[in-house]
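Working notes, structure below.
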Amino acid sequence: MDNSQNIIARSATTTTPPQVRGHVDEVAKLIDVSKCIGCKACQVACMEWNDLRDDVGECHGTYDNPTDLTSESWTVMRFSEYETQEGNLEWLIRKDGCMHCAEPGCLKACPAPGAIVQYANGIVDFDSNHCIGCGYCITGCPFDIPRISPKDQKSYKCTLCSDRVNAGMEPACVKTCPTNCIEFGTKEDMLARAEKRVGDLKELGFRDAGIYDPAGVGGTHVMYVLHHANDPNRYSGLPKDPRISPLVGAWKGATKPIMSAIIGITAFAGVIHYMTKGPKEEPEEHAGHGQDDAPPPHSLGYDATRPRGEDR
Amino acid sequence: MKMPRDRLIRYSPLDRANHWTMAMVFVLLALSGLAFFHPAFFFLSHTLGGPVWARILHPFLGVVLVLLFYAMAARHVRRNLLGENDVQWVRQIGDVVDNRDEKLPPIGKYNPGQKLVYWALVVSIAVLLISGVIMWRPWFAGYFPIPLIRFASLLHTVSAFVAIVTIVVHVYAAIWVKGSIRSMTRGWVTRAWARHHHGLWAREQEEAQHREQQP
């Protein structure tokens with residue numbers, strides 16, 4: 001694992017992770033959807049650098065190939081054919097993959113200490129060696145990104161080429177992109193570049209152009225420039241306002257300390273009750289009972305004030 | 001086996017075997033489940049041979065628990081419905097807690113506290129089963145939409161919490177009421193114990209014996 005001394009968040013960990021190194025610039029990958037030609041060179045570069053060889057899948061009638069992210073396809077081009085109100089066809093191509101959220105739902109949900117980490121530069125990385133295969137990262141992710149491998153039951157996703165970035169290189173997809181649709185740098189620089197590009201797009205007539213850096217997850221370290229930022233959904237279901245689901249928040253938030261405490265307090269209350277009130281001791285036999293035959297019902301010594309039916 | 005005259009049979013060998021099998025399975029489930037629930041408990045995943053084995057085995061153990069529990073619950077449902085004097089017993093819960101047992105009305109085979117344990121587990125284990133199947137990877141979770149898995153995960157946590165607190169109360173009650181652990185290990189209680197804690201049940205049992213002896 002890279003950057004092991006510069007981790008700002010670590011799954012299933014309640015203490016501060018190692019972060020002895022000082023200030024680190026946050027990085028970001030900027031994907032300018034308006035420049036993408038759908039060549040899939042980024043998919044190939046991803047496979048090559050990360051040494052992944054997914055099975056050959058099936059065509060389902062579009063250019064999507066493979067048709068979905070898998071444990072061995074960490075990025076896919078999603079093609080959508082969108083018809084505008086004026087009757088024009090827009091071919092919207094979005095490179096899908098991990099968004100590297102500032103507030104990662106996967107990390108929040110993961111129960112295995114250290115299986116998911118977030119580096120100071122913003123990259124969210126899976127340490128598959130610590131993954132237990134529970135799939136909670138899938139449950140926690142607002143973008144439906146992680147995939148569990150059927151081969152080893154470990155979860156995988158884009159690492160933002162954390163190994164390359166750590167060595168001062170850009171991610172493989174960025175290096176290979178022939179149209180400079182994918183760029184990489186500090187988040188600050190990428191935001192400045194995105195803003196300039198949005199301005200250009202607006203001049204070209206895309207009034208709703210904008211940056212996709214959703215605040216609901218604290219911003220992301222993979223950002224899009226969209227020509228229709230008002231409706232991200234039309235880019236193959238990119239969520240308009242992604243956030244960690246309140247259900248995940250409740251599941252992995254307040255319930256944990258509160259319910260743990262109540263379980264402990266219940267057991268402790270038992271100890272205190274036993275020490276103060278004592279046990280209900282084994283009752284002793286009344287004289288004359290127990291040794292003889294089963295006594296008739298009328299001699300059982302119940303509370304005489306209790307009303308008693310005749311038929312029992 | 002012939003039971004001495006001062007004893008009554010409370011739990012059959014089948015009930016006892018079922019109970020202690022369930023107890024062991026429940027403890028393993030609770031420990032491994034707590035491991036996934038809170039980082040402070042993660043070390044408990046080693047009770048099932050490490051975190052990955054805990055993830056693999058936990059749901060299968062859950063199915064075992066469900067089978068054992070509902071086989072038992074179905075046979076005892078009648079005894080766990082609201083019975084004579086139950087409401088009065090609950091009104092006098094202060095006397096129960098303070099061990100003023102002589103003031104309590106006689107009740108049936110199970111007191112309202114035991115019935116509450118029964119029904120809390122009937123409900124929570126059903127919720128655990130349904131939500132657990134929805135979360136179960138790699139076998140079933142893939143067939144369900146992610147928002148449903150989120151809801152199931154929360155439900156699983158809450159119902160496991162209910163079940164664990166219920167079992168903590170159940171275990172303490174067994175330690176508190178002397179003679180009850182023996183009833184579940186050996187199967188019998190003294191007549192005095194039965195009359196003291198479950199007067200209506202004791203009378204019912206003794207009347208049944210009386211009838212058998214007078215053909």
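Here's how to read the names in the structure tokens: chain A, B, ... by the order shown, residue numbers from 1 in each chain, ligand numbers from 1 in the order shown.
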
- Query: Quick one: which residues from chain A are at most 7 Å off chain B, using only C-alpha atoms, as a list in words?
  - Reply: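 Matching residues, ligands excluded from the count: Ala12, Thr13, Pro111, Ile132, Cys134, Gly135, Thr139, Leu247, Val248, Trp251, Lys256, Met259, Ile263, Thr266, Ala267, Gly270, Tyr274, Lys277, Pro279, Lys280, Glu281, Glu282, Pro283, Glu284, Glu285, Gly290, Gln291, Ala294 and Pro297 of chain A.
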
Please produce a file of the residues just selected, as an mmCIF file, in the first residue's frame, where the atoms kept are C-alpha atoms.
```cif
data_model
loop_
_atom_site.group_PDB
_atom_site.id
_atom_site.type_symbol
_atom_site.label_atom_id
_atom_site.label_comp_id
_atom_site.auth_asym_id
_atom_site.auth_seq_id
_atom_site.Cartn_x
_atom_site.Cartn_y
_atom_site.Cartn_z
ATOM 1 C CA ALA A 12 -13.547 0.716 10.973
ATOM 2 C CA THR A 13 -11.053 2.735 12.968
ATOM 3 C CA PRO A 111 -16.406 -3.064 8.902
ATOM 4 C CA ILE A 132 -13.478 -9.580 4.062
ATOM 5 C CA CYS A 134 -19.028 -8.491 3.020
ATOM 6 C CA GLY A 135 -20.057 -6.010 0.326
ATOM 7 C CA THR A 139 -24.155 -0.754 0.249
ATOM 8 C CA LEU A 247 -30.066 4.747 6.085
ATOM 9 C CA VAL A 248 -26.308 4.117 5.854
ATOM 10 C CA TRP A 251 -26.665 2.123 10.299
ATOM 11 C CA LYS A 256 -23.196 2.019 16.949
ATOM 12 C CA MET A 259 -26.664 0.392 21.050
ATOM 13 C CA ILE A 263 -26.006 -3.673 25.727
ATOM 14 C CA THR A 266 -28.050 -3.902 30.536
ATOM 15 C CA ALA A 267 -25.418 -6.434 31.561
ATOM 16 C CA GLY A 270 -27.810 -7.216 36.104
ATOM 17 C CA TYR A 274 -27.645 -9.176 41.894
ATOM 18 C CA LYS A 277 -31.275 -7.265 45.642
ATOM 19 C CA PRO A 279 -31.067 -13.835 43.819
ATOM 20 C CA LYS A 280 -34.424 -15.516 44.214
ATOM 21 C CA GLU A 281 -33.198 -18.420 46.327
ATOM 22 C CA GLU A 282 -34.426 -21.920 45.750
ATOM 23 C CA PRO A 283 -37.649 -22.152 47.812
ATOM 24 C CA GLU A 284 -37.622 -24.765 50.569
ATOM 25 C CA GLU A 285 -40.133 -27.564 50.813
ATOM 26 C CA GLY A 290 -42.662 -33.315 48.841
ATOM 27 C CA GLN A 291 -42.052 -36.632 50.488
ATOM 28 C CA ALA A 294 -48.721 -35.787 45.167
ATOM 29 C CA PRO A 297 -55.175 -29.705 44.769
#
```

Write down as number ranges by chain the residues of segment 120-287 of chain A whose backbone DSSP state falls under helix (DSSP H, G or I).
A: 128-130, 136-140, 162-166, 172-176, 187-203, 215-217, 232-234, 246-252, 255-276

Checklist line | Counting only C-alpha atoms, the option among A:Thr159, A:Ser34, A:Ser245, A:Thr276 closest to Glu90 of chain A | finding: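 Of the candidates, the smallest distance to Glu90 of chain A is held by A:Ser34.
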
Please list as an mmCIF file with C-alpha atoms, in the first residue's frame every residue within 10 Å of Arg207 of chain A, counting only C-alpha atoms and excluding residues in the same chain fewer than 2 positions away.
```cif
data_model
loop_
_atom_site.group_PDB
_atom_site.id
_atom_site.type_symbol
_atom_site.label_atom_id
_atom_site.label_comp_id
_atom_site.auth_asym_id
_atom_site.auth_seq_id
_atom_site.Cartn_x
_atom_site.Cartn_y
_atom_site.Cartn_z
ATOM 1 C CA VAL A 198 -17.330 25.748 -18.699
ATOM 2 C CA GLY A 199 -16.968 29.353 -19.832
ATOM 3 C CA LEU A 201 -18.904 25.788 -23.472
ATOM 4 C CA LYS A 202 -21.301 28.540 -22.480
ATOM 5 C CA GLU A 203 -19.929 30.678 -25.287
ATOM 6 C CA LEU A 204 -20.524 27.770 -27.633
ATOM 7 C CA GLY A 205 -24.175 27.788 -26.598
ATOM 8 C CA ALA A 209 -22.649 23.715 -18.782
ATOM 9 C CA GLY A 210 -21.056 23.245 -15.391
ATOM 10 C CA HIS A 227 -22.584 20.361 -21.023
ATOM 11 C CA HIS A 228 -25.850 19.766 -19.143
ATOM 12 C CA ALA A 229 -24.811 20.133 -15.522
ATOM 13 C CA ASN A 230 -28.427 20.937 -14.641
#
```

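Shortest atom-to-atom contact with Val66 of chain B among B:Val117, B:Ile134, B:Ala17, B:Val25: B:Val25, counting only C-alpha atoms.
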
| query | Which neighbours of Val217 of chain A fall inside 8 Å, counting only C-alpha atoms, when residues of the same chain fewer than 2 positions from it are skipped, and could you give them as a list in words? | reply | Cys101, Ala102, Glu103, Pro104, Pro214, Ala215, Gly219, Thr220, Pro242, Arg243 and Ile244 of chain A

Check: Could you pull the residues within 7 Å of segment 64-72 of chain A, counting only C-alpha atoms, minus those fewer than 3 positions along the same chain, as a ChimeraX atom specification?
Finding: /A:52-54,57,59,75-79,147-149,155-157

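Atom CA of Glu170 of chain A lies 21.4 Å from atom CA of Ile145 of chain A.
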
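Separating atom CA of Pro232 of chain A from atom CA of Ala45 of chain A is a distance of 26.0 Å.
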
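Nearest residue to Arg164 of chain A among A:Ser80, A:Asp25, A:Leu226, A:Ile123 is A:Ile123, counting only C-alpha atoms.
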
Need to verify the contact set: Gln118 of chain A, 9 Å, only C-alpha atoms, exclusion of same-chain residues closer than 5 positions in sequence. Can you return it as a count of residues only? 14

Computed interatomic separation between atom CA of Gly108 of chain B and atom CA of Trp201 of chain B (Å):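 Going from atom CA of Gly108 of chain B over to atom CA of Trp201 of chain B covers 4.6 Å.
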
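The neighbours of Thr21 of chain B here are the residues that come within 10 Å of it, using only C-alpha atoms and leaving out any residue fewer than 6 positions away in the same chain; they are B:Asp15, B:Val64, B:Leu65, B:Leu68, B:Phe69.
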
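For the set A:Ile138, A:Cys131, A:Leu92, A:Leu238, the residue with the smallest atom-to-atom gap to Asp152 of chain A is A:Cys131, counting only C-alpha atoms.
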